[in-house]
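Report on one structure; see the data block that follows.
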Amino acid sequence: MGELPDRFWSKVDRGGPEDCWIWQASTKQSGHGQIRVGASPEYAHRVAFKLKVKDPGDKDVLHKCGNPACVNPSHLYLGDQADNLADASNRGRLPTGKNNAAAKLTEGDVLEIRNAYGPNKSMRSLADEYDVSPGTIHSIIHHKTWSDV
């Protein structure tokens, strides 16, 4: 890796050992740092993990602190894509409802579903009517999704 560690750590504002260490150079729109390693850019937090802990290989490097600019190795851990998506969802960073470009339903559909559900209209029949899963209908009715509607 040659000069990479020196070049990398010179771009980090290190606080105390428990503080977030903030990447001070180029960032992606998401706020994650990036650094060129060889011919390609890499996420700064992945490089920090590789330099101080181990090569993450195919695993995702996730932030315990939730700060995408943080490269403190003690704030980073390995996970898979499901862990990464769950973390993003728990932190409210995934587009939901009308902001989700892949949403099949509209706000109007959601209101109709909530109003229609009852003794005469089952989750299964609503799912068939709106071409979604019964689980989707359940989440809508119980305000687990589309909670802002």
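Labels for the structure tokens follow display order: chains A, B, ..., residues from 1 in each chain, ligands from 1.
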Just want the 9 Å neighbourhood of Phe8 in chain A, counted on only C-alpha atoms, with same-chain residues fewer than 5 positions away dropped. Output as a PyMOL selection string.
chain A and resi 3+35+44+47-48
So that I have them on file, write out the residues from the current selection with C-alpha atoms, as a PDB file, in the first residue's frame.
ATOM      1  CA  GLU A   3       2.143   5.849   0.851  1.00  0.00           C
ATOM      2  CA  ILE A  35     -10.310   8.445  -1.930  1.00  0.00           C
ATOM      3  CA  ALA A  44     -13.001   6.253   2.804  1.00  0.00           C
ATOM      4  CA  VAL A  47     -10.218   2.069   3.402  1.00  0.00           C
ATOM      5  CA  ALA A  48     -10.038   3.018   7.102  1.00  0.00           C
TER       6      ALA A  48
END
Mind listing the alpha helix (DSSP H) residues of range 25-90 of chain A, per DSSP on the backbone, as a list in words?
Ala44, His45, Arg46, Val47, Ala48, Phe49, Lys50, Leu51, Lys52, Gln81, Ala82, Asp83, Asn84, Leu85, Ala86, Asp87, Ala88, Ser89 and Asn90 of chain A
Would you mind exporting N, CA and C atoms of the selected residues as a PDB file, in the first residue's frame?
ATOM      1  N   ALA A  44     -14.014   6.005   1.773  1.00  0.00           N
ATOM      2  CA  ALA A  44     -13.001   6.253   2.804  1.00  0.00           C
ATOM      3  C   ALA A  44     -13.190   5.351   4.022  1.00  0.00           C
ATOM      4  N   HIS A  45     -14.430   5.100   4.425  1.00  0.00           N
ATOM      5  CA  HIS A  45     -14.635   4.254   5.603  1.00  0.00           C
ATOM      6  C   HIS A  45     -14.201   2.816   5.352  1.00  0.00           C
ATOM      7  N   ARG A  46     -14.324   2.338   4.121  1.00  0.00           N
ATOM      8  CA  ARG A  46     -13.833   0.988   3.790  1.00  0.00           C
ATOM      9  C   ARG A  46     -12.306   0.943   3.861  1.00  0.00           C
ATOM     10  N   VAL A  47     -11.686   2.011   3.356  1.00  0.00           N
ATOM     11  CA  VAL A  47     -10.218   2.069   3.402  1.00  0.00           C
ATOM     12  C   VAL A  47      -9.739   2.135   4.847  1.00  0.00           C
ATOM     13  N   ALA A  48     -10.407   2.928   5.688  1.00  0.00           N
ATOM     14  CA  ALA A  48     -10.038   3.018   7.102  1.00  0.00           C
ATOM     15  C   ALA A  48     -10.141   1.650   7.765  1.00  0.00           C
ATOM     16  N   PHE A  49     -11.213   0.936   7.478  1.00  0.00           N
ATOM     17  CA  PHE A  49     -11.405  -0.396   8.060  1.00  0.00           C
ATOM     18  C   PHE A  49     -10.284  -1.327   7.606  1.00  0.00           C
ATOM     19  N   LYS A  50      -9.958  -1.252   6.326  1.00  0.00           N
ATOM     20  CA  LYS A  50      -8.907  -2.107   5.762  1.00  0.00           C
ATOM     21  C   LYS A  50      -7.547  -1.775   6.374  1.00  0.00           C
ATOM     22  N   LEU A  51      -7.267  -0.490   6.577  1.00  0.00           N
ATOM     23  CA  LEU A  51      -5.969  -0.085   7.124  1.00  0.00           C
ATOM     24  C   LEU A  51      -5.816  -0.459   8.602  1.00  0.00           C
ATOM     25  N   LYS A  52      -6.894  -0.354   9.377  1.00  0.00           N
ATOM     26  CA  LYS A  52      -6.781  -0.526  10.829  1.00  0.00           C
ATOM     27  C   LYS A  52      -7.320  -1.857  11.360  1.00  0.00           C
ATOM     28  N   GLN A  81     -25.576  -6.829   2.719  1.00  0.00           N
ATOM     29  CA  GLN A  81     -26.493  -5.855   2.107  1.00  0.00           C
ATOM     30  C   GLN A  81     -27.783  -5.726   2.919  1.00  0.00           C
ATOM     31  N   ALA A  82     -28.276  -6.839   3.457  1.00  0.00           N
ATOM     32  CA  ALA A  82     -29.494  -6.779   4.271  1.00  0.00           C
ATOM     33  C   ALA A  82     -29.266  -5.934   5.525  1.00  0.00           C
ATOM     34  N   ASP A  83     -28.097  -6.097   6.158  1.00  0.00           N
ATOM     35  CA  ASP A  83     -27.763  -5.284   7.332  1.00  0.00           C
ATOM     36  C   ASP A  83     -27.706  -3.807   6.957  1.00  0.00           C
ATOM     37  N   ASN A  84     -27.112  -3.521   5.816  1.00  0.00           N
ATOM     38  CA  ASN A  84     -26.960  -2.147   5.357  1.00  0.00           C
ATOM     39  C   ASN A  84     -28.326  -1.512   5.091  1.00  0.00           C
ATOM     40  N   LEU A  85     -29.211  -2.245   4.423  1.00  0.00           N
ATOM     41  CA  LEU A  85     -30.542  -1.718   4.140  1.00  0.00           C
ATOM     42  C   LEU A  85     -31.355  -1.534   5.420  1.00  0.00           C
ATOM     43  N   ALA A  86     -31.234  -2.498   6.346  1.00  0.00           N
ATOM     44  CA  ALA A  86     -31.954  -2.383   7.624  1.00  0.00           C
ATOM     45  C   ALA A  86     -31.457  -1.162   8.393  1.00  0.00           C
ATOM     46  N   ASP A  87     -30.147  -0.954   8.399  1.00  0.00           N
ATOM     47  CA  ASP A  87     -29.577   0.200   9.093  1.00  0.00           C
ATOM     48  C   ASP A  87     -30.072   1.507   8.461  1.00  0.00           C
ATOM     49  N   ALA A  88     -30.049   1.565   7.132  1.00  0.00           N
ATOM     50  CA  ALA A  88     -30.517   2.771   6.432  1.00  0.00           C
ATOM     51  C   ALA A  88     -31.997   3.018   6.716  1.00  0.00           C
ATOM     52  N   SER A  89     -32.774   1.958   6.737  1.00  0.00           N
ATOM     53  CA  SER A  89     -34.199   2.091   7.022  1.00  0.00           C
ATOM     54  C   SER A  89     -34.422   2.568   8.452  1.00  0.00           C
ATOM     55  N   ASN A  90     -33.718   1.976   9.410  1.00  0.00           N
ATOM     56  CA  ASN A  90     -33.853   2.368  10.821  1.00  0.00           C
ATOM     57  C   ASN A  90     -33.466   3.823  11.050  1.00  0.00           C
TER      58      ASN A  90
END
Strand (DSSP E or B) residues, from DSSP on the backbone, in range 24-138 of chain A, as a list in words:
Thr27, Gly33, Gln34, Ile35, Arg36, Val37, Ser40, Pro41, Glu42, Tyr43, Asp60, Val61, Leu62, His63, Cys70, Leu76, Tyr77, Leu78, Gly79, Gly118 and Lys121 of chain A
Near-range 137-143 of chain A list (9 Å; only C-alpha atoms; drop same-chain fewer than 3 positions) as number ranges by chain
A: 110, 113-114, 117, 123-124, 126-127, 132-134, 146-149
Prev. selection, N, CA and C atoms, output as a CSV table (one decimal), in the first residue's frame:
chain,number,residue,atom,x,y,z
A,110,VAL,N,-53.6,4.5,-0.7
A,110,VAL,CA,-53.4,4.2,0.7
A,110,VAL,C,-54.6,4.6,1.5
A,113,ILE,N,-57.4,2.2,0.8
A,113,ILE,CA,-57.2,0.9,1.5
A,113,ILE,C,-57.5,0.9,2.9
A,114,ARG,N,-57.1,2.0,3.6
A,114,ARG,CA,-57.4,2.1,5.0
A,114,ARG,C,-58.9,2.3,5.3
A,117,TYR,N,-60.7,-1.3,4.4
A,117,TYR,CA,-60.4,-2.5,5.2
A,117,TYR,C,-61.5,-2.7,6.4
A,123,MET,N,-57.7,-8.2,3.9
A,123,MET,CA,-56.4,-7.8,3.5
A,123,MET,C,-56.1,-8.5,2.1
A,124,ARG,N,-56.5,-9.8,2.0
A,124,ARG,CA,-56.2,-10.6,0.8
A,124,ARG,C,-56.9,-9.9,-0.4
A,126,LEU,N,-58.0,-6.9,-0.7
A,126,LEU,CA,-57.4,-5.6,-1.0
A,126,LEU,C,-56.0,-5.8,-1.8
A,127,ALA,N,-55.3,-6.8,-1.3
A,127,ALA,CA,-54.0,-7.0,-2.0
A,127,ALA,C,-54.2,-7.4,-3.4
A,132,VAL,N,-50.7,-5.9,-4.8
A,132,VAL,CA,-49.6,-5.9,-3.9
A,132,VAL,C,-49.8,-7.1,-3.0
A,133,SER,N,-48.8,-7.3,-2.1
A,133,SER,CA,-48.9,-8.5,-1.2
A,133,SER,C,-49.8,-8.2,0.0
A,134,PRO,N,-50.4,-9.2,0.6
A,134,PRO,CA,-51.1,-9.0,1.9
A,134,PRO,C,-50.3,-8.3,3.0
A,146,TRP,N,-46.2,4.2,4.8
A,146,TRP,CA,-47.0,5.3,4.5
A,146,TRP,C,-47.6,5.9,5.8
A,147,SER,N,-46.7,6.0,6.8
A,147,SER,CA,-47.2,6.5,8.1
A,147,SER,C,-47.4,8.1,8.0
A,148,ASP,N,-46.9,8.7,7.0
A,148,ASP,CA,-47.1,10.2,6.9
A,148,ASP,C,-48.4,10.5,6.2
A,149,VAL,N,-49.2,9.4,5.8
A,149,VAL,CA,-50.5,9.6,5.1
A,149,VAL,C,-51.6,9.3,6.1
Any idea what the distance is between CA of Asn72 in chain A and CA of Asp55 in chain A?
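Result for CA of Asn72 in chain A versus CA of Asp55 in chain A: 15.3 Å, one decimal.
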Surrounding residues of Pro41 in chain A excluding itself and chain neighbours under 6 positions, 12 Å, only C-alpha atoms, as an MDAnalysis selection string:
chainID A and resid 26:28 32:35 47
Restricting the calculation to only C-alpha atoms, which member of A:Thr145, A:Glu112, A:Gly118, A:Gly31 is positioned closest to Asn100 in chain A?
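Closest to Asn100 in chain A, using only C-alpha atoms: A:Thr145.
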List as a list in words the protein and nucleic acid residues near Trp23 in chain A, meaning an atom at most 8 Å away when only C-alpha atoms are counted, but skip any in the same chain fewer than 6 places from it.
Lys11, Val12, Asp13, Gly33, Ala44, Ala69, Cys70 and Val71 of chain A
Nearest residue to Gly108 in chain A from the set A:Tyr130, A:Gly57, A:Ser30, A:Glu18 (distances using only C-alpha atoms):
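Using only C-alpha atoms, Gly108 in chain A sits closest to A:Tyr130.
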Enter the distance from CA of Ala103 in chain A to CA of Asp128 in chain A, in Å, rounded to one decimal.
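Going from CA of Ala103 in chain A over to CA of Asp128 in chain A, I get 16.2 Å.
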From the set A:Lys98, A:Asp80, A:Glu42, A:Cys20, which residue has the shortest atom-to-atom contact distance to Asp58 in chain A, counting only C-alpha atoms?
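Closest to Asp58 in chain A, using only C-alpha atoms: A:Asp80.
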Residues within 7 Å of His63 in chain A, please, as a PDB file with N, CA, C and O atoms, in the first residue's frame. Count only C-alpha atoms; anything in the same chain fewer than 5 positions from it doesn't count.
ATOM      1  N   HIS A  75     -15.874   2.824  15.082  1.00  0.00           N
ATOM      2  CA  HIS A  75     -17.272   3.099  14.770  1.00  0.00           C
ATOM      3  C   HIS A  75     -17.769   2.256  13.596  1.00  0.00           C
ATOM      4  O   HIS A  75     -18.921   2.386  13.187  1.00  0.00           O
ATOM      5  N   LEU A  76     -16.911   1.417  13.048  1.00  0.00           N
ATOM      6  CA  LEU A  76     -17.228   0.664  11.839  1.00  0.00           C
ATOM      7  C   LEU A  76     -17.349  -0.828  12.148  1.00  0.00           C
ATOM      8  O   LEU A  76     -16.673  -1.336  13.041  1.00  0.00           O
ATOM      9  N   TYR A  77     -18.211  -1.500  11.399  1.00  0.00           N
ATOM     10  CA  TYR A  77     -18.360  -2.942  11.554  1.00  0.00           C
ATOM     11  C   TYR A  77     -18.773  -3.559  10.223  1.00  0.00           C
ATOM     12  O   TYR A  77     -19.257  -2.865   9.334  1.00  0.00           O
TER      13      TYR A  77
END
Give me, please, the distance in Å between CA of Lys121 in chain A and CA of Ala102 in chain A, quoted to one decimal.
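So the two atoms, CA of Lys121 in chain A and CA of Ala102 in chain A, lie 25.9 Å apart.
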